[in-house]
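One file, upload17.csv, is given below (CSV, C-alpha atoms).
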chain,number,residue,atom,x,y,z
A,20,MET,CA,-35.9,-90.5,-50.9
A,21,ASN,CA,-33.5,-89.6,-48.1
A,22,GLU,CA,-34.8,-87.1,-45.5
A,23,TYR,CA,-32.7,-84.6,-43.5
A,24,PHE,CA,-33.4,-86.1,-40.1
A,25,GLU,CA,-31.8,-89.4,-41.3
A,26,TRP,CA,-28.5,-87.6,-41.9
A,27,ASN,CA,-26.0,-87.7,-39.0
A,28,LYS,CA,-25.2,-84.0,-38.9
A,29,PHE,CA,-28.9,-83.0,-39.1
A,30,SER,CA,-30.5,-85.6,-36.9
A,31,ASP,CA,-30.7,-83.3,-33.8
A,32,LEU,CA,-32.3,-80.4,-35.6
A,33,TYR,CA,-36.0,-79.8,-36.2
A,34,LEU,CA,-36.2,-77.8,-39.4
A,35,GLU,CA,-40.0,-77.5,-39.7
A,36,ASP,CA,-40.0,-75.0,-36.8
A,37,SER,CA,-36.6,-73.5,-37.5
A,38,TYR,CA,-36.5,-70.1,-39.3
A,39,VAL,CA,-34.7,-69.1,-42.5
A,40,THR,CA,-33.4,-65.6,-41.9
A,41,ASN,CA,-31.6,-65.2,-45.3
A,42,ILE,CA,-30.7,-67.2,-48.4
A,43,ILE,CA,-27.4,-66.3,-50.1
A,44,GLU,CA,-26.5,-67.6,-53.6
A,45,TYR,CA,-22.8,-67.6,-54.7
A,46,LYS,CA,-21.2,-69.1,-57.8
A,47,ASP,CA,-20.7,-72.6,-56.3
A,48,THR,CA,-22.4,-72.3,-52.8
A,49,LEU,CA,-25.9,-71.7,-51.5
A,50,THR,CA,-26.3,-70.7,-47.8
A,51,PHE,CA,-29.4,-70.7,-45.7
A,52,ASN,CA,-28.8,-68.5,-42.6
A,53,MET,CA,-30.9,-70.0,-39.9
A,54,GLU,CA,-32.4,-69.9,-36.4
A,55,PHE,CA,-32.4,-73.6,-35.8
A,56,VAL,CA,-34.6,-75.5,-33.4
A,57,LEU,CA,-32.3,-78.0,-31.5
A,58,THR,CA,-33.7,-81.2,-30.2
A,59,GLU,CA,-32.9,-82.4,-26.6
A,60,ARG,CA,-30.3,-84.8,-28.1
A,61,HIS,CA,-28.2,-81.9,-29.6
A,62,PRO,CA,-25.0,-81.2,-27.5
A,63,LEU,CA,-25.8,-77.4,-27.6
A,64,TYR,CA,-29.4,-77.9,-26.3
A,65,THR,CA,-30.5,-75.9,-23.4
A,66,HIS,CA,-34.0,-75.5,-21.9
A,67,PRO,CA,-36.1,-73.0,-23.9
A,68,LEU,CA,-36.2,-69.4,-22.6
A,69,PHE,CA,-39.3,-68.5,-20.5
A,70,ASN,CA,-41.3,-67.1,-23.4
A,71,GLU,CA,-40.1,-69.7,-26.1
A,72,LYS,CA,-41.3,-73.1,-27.0
A,73,TYR,CA,-37.9,-74.4,-28.3
A,74,CYS,CA,-34.2,-74.1,-27.9
A,75,TYR,CA,-33.0,-71.9,-30.8
A,76,HIS,CA,-29.4,-71.6,-32.1
A,77,THR,CA,-28.1,-69.5,-35.0
A,78,GLY,CA,-26.4,-71.4,-37.7
A,79,LYS,CA,-26.2,-72.1,-41.4
A,80,ILE,CA,-27.0,-74.8,-43.9
A,81,ILE,CA,-24.4,-74.7,-46.6
A,82,PHE,CA,-24.5,-76.4,-50.0
A,83,LEU,CA,-21.0,-76.8,-51.3
A,84,GLY,CA,-19.8,-77.6,-54.8
A,85,VAL,CA,-23.1,-76.4,-56.3
A,86,SER,CA,-23.4,-77.0,-60.1
A,87,SER,CA,-27.1,-76.1,-60.4
A,88,ILE,CA,-29.7,-74.1,-58.5
A,89,LYS,CA,-33.2,-74.3,-59.9
A,90,TRP,CA,-35.9,-72.1,-58.3
A,91,ILE,CA,-39.3,-73.9,-58.7
A,92,ARG,CA,-41.1,-71.2,-56.7
A,93,LYS,CA,-39.8,-68.0,-55.0
A,94,SER,CA,-41.5,-65.8,-52.4
A,95,LYS,CA,-40.2,-62.5,-51.0
A,96,LYS,CA,-42.8,-62.6,-48.2
A,97,ASN,CA,-41.4,-62.0,-44.7
A,98,PHE,CA,-42.8,-63.0,-41.3
A,99,GLU,CA,-42.5,-61.2,-38.0
A,100,ASP,CA,-41.9,-63.2,-34.8
A,101,ALA,CA,-42.9,-62.3,-31.3
A,102,LYS,CA,-39.8,-60.2,-30.8
A,103,GLY,CA,-40.6,-58.2,-34.0
A,104,GLU,CA,-37.7,-59.8,-36.0
A,105,LEU,CA,-38.3,-60.7,-39.6
A,106,ASP,CA,-37.6,-64.1,-41.2
A,107,CYS,CA,-38.5,-65.9,-44.4
A,108,GLY,CA,-40.4,-68.7,-42.8
A,109,ASN,CA,-39.6,-72.3,-42.1
A,110,ILE,CA,-38.1,-75.2,-44.0
A,111,ASP,CA,-41.0,-77.7,-44.7
A,112,TYR,CA,-38.8,-80.3,-46.3
A,113,LEU,CA,-35.2,-81.0,-47.1
A,114,ASN,CA,-34.3,-84.3,-48.8
A,115,LEU,CA,-31.9,-85.9,-51.2
A,116,SER,CA,-34.0,-87.2,-54.1
A,117,ALA,CA,-31.1,-88.6,-56.2
A,118,GLU,CA,-27.3,-88.6,-56.1
A,119,ASN,CA,-26.3,-85.0,-55.2
A,120,VAL,CA,-29.8,-83.7,-56.0
A,121,TYR,CA,-31.3,-81.9,-53.0
A,122,LYS,CA,-34.9,-80.6,-52.8
A,123,VAL,CA,-35.8,-78.0,-50.2
A,124,GLY,CA,-38.9,-76.0,-49.8
A,125,GLY,CA,-40.8,-73.8,-47.4
A,126,ASP,CA,-42.7,-70.4,-47.1
A,127,TRP,CA,-39.8,-68.7,-48.9
A,128,GLY,CA,-40.0,-71.0,-52.0
A,129,GLU,CA,-38.8,-74.3,-53.5
A,130,LEU,CA,-35.4,-75.2,-54.8
A,131,GLU,CA,-33.7,-78.1,-56.5
A,132,ILE,CA,-30.0,-78.0,-55.9
A,133,ILE,CA,-27.2,-80.1,-57.4
A,134,SER,CA,-24.4,-80.1,-54.8
A,135,SER,CA,-21.5,-82.3,-53.9
A,136,GLU,CA,-21.9,-81.7,-50.2
A,137,ILE,CA,-24.2,-80.2,-47.6
A,138,ASP,CA,-22.9,-79.0,-44.3
A,139,LEU,CA,-23.8,-77.0,-41.2
A,140,GLY,CA,-22.0,-73.9,-40.1
A,141,SER,CA,-21.4,-72.0,-36.9
A,142,GLY,CA,-20.6,-74.8,-34.5
A,143,LEU,CA,-23.7,-76.9,-34.9
A,144,ILE,CA,-21.9,-80.0,-36.2
A,145,ASN,CA,-22.1,-82.7,-33.5
Can the structure from this file be put into structure tokens for me?
Amino acid sequence: MNEYFEWNKFSDLYLEDSYVTNIIEYKDTLTFNMEFVLTERHPLYTHPLFNEKYCYHTGKIIFLGVSSIKWIRKSKKNFEDAKGELDCGNIDYLNLSAENVYKVGGDWGELEIISSEIDLGSGLIN
């Protein structure tokens, strides 16, 4: 199994403490809108704000060329952060289990996605 932190584009992100703000399904794409936690190695990293533990940056995880989306579990529960903003929770795991088969899960649910490519949006690619 191939874990997200082993992938070049994702190696400087910490998804387990990042927040999913929305999940958008289209015909051939699936997008996770995110508040990413950046590690110190990421080129956009800055010291965390006074009242925050991590450096956060808005971005997206985009699955392209999607041929199948299978929801294993789905939750509509929202969480409120210290600023009073709502999110869907964290990503507990994101991995490539077979060729083009991604498994992703967290507080918001679990998915199996068949996708030709996974990418980052909003300037996070290093």
>> Env of stretch 22-31 of chain A: 9 Å cut, atoms = all atoms listed in the file, seq-sep filter 4 positions within chain, self excluded. Answer as a PyMOL selection string.
In response: chain A and resi 56-62+112-116+138-139+143-145
> At what distance in Å, to one decimal, does atom CA of A:Gly78 lie from atom CA of A:Tyr64?
Replying inline: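 Between atom CA of A:Tyr64 and atom CA of A:Gly78 the gap works out to 13.5 Å.
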> For A:Trp127, which of A:Val39, A:Leu105, A:Leu34, A:Leu63 is the closest residue, counting all atoms listed in the file?
Replying inline: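 Result for the nearest residue to A:Trp127: A:Val39.
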> So what do you get for atom CA of A:Lys46 versus atom CA of A:Val85, distance-wise?
Replying inline: 7.7 Å
>> Could you tell me how far atom CA of A:Glu104 sits from atom CA of A:Arg92, in Å to one decimal place?
In response: 23.9 Å
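The shell of residues at most 8 Å from A:Gly140, with all atoms listed in the file counted and near chain neighbours (fewer than 5 positions) removed, consists of Gly78, Lys79, Ile80 and Ile81 of chain A.
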> Which residue gives the smallest distance to A:Gly124 among A:Ile137, A:Asn70, A:Gly103, A:Ile91, with only C-alpha atoms counted?
Replying inline: A:Ile91
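Nearest residue to A:Glu129 among A:Asp106, A:Ile42, A:Phe69, A:Asn52 is A:Ile42, counting only C-alpha atoms.
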> Nearest to A:Cys74 among A:Leu32, A:Ala117, A:Val123, A:Ile132, with distances taken over all atoms listed in the file: which residue is it?
Replying inline: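 Of A:Leu32, A:Ala117, A:Val123, A:Ile132, the one nearest A:Cys74 is A:Leu32, counting all atoms listed in the file.
If you measure from each of A:Asp111, A:Asp36, A:Asp47, A:Asp100 to A:Tyr75 using all atoms listed in the file, the closest one turns out to be A:Asp36.
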> Out of A:Glu131, A:Thr77, A:Gly108, A:Gly84, which residue has the shortest atom-to-atom distance to A:Glu35 when counting all atoms listed in the file?
Replying inline: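 Looking only at the distances to A:Glu35, the closest residue turns out to be A:Gly108.
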Extract, using only C-alpha atoms, all DNA, RNA and protein residues at most 6 Å from A:Gly125, discarding same-chain residues fewer than 3 positions from it, and format them as a PDB file with C-alpha atoms, in the frame of the given file.
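Result written to result-v8.pdb:
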ATOM      1  CA  ASN A 109     -39.600 -72.300 -42.100  1.00  0.00           C
ATOM      2  CA  ILE A 110     -38.100 -75.200 -44.000  1.00  0.00           C
ATOM      3  CA  ASP A 111     -41.000 -77.700 -44.700  1.00  0.00           C
ATOM      4  CA  GLY A 128     -40.000 -71.000 -52.000  1.00  0.00           C
TER       5      GLY A 128
END
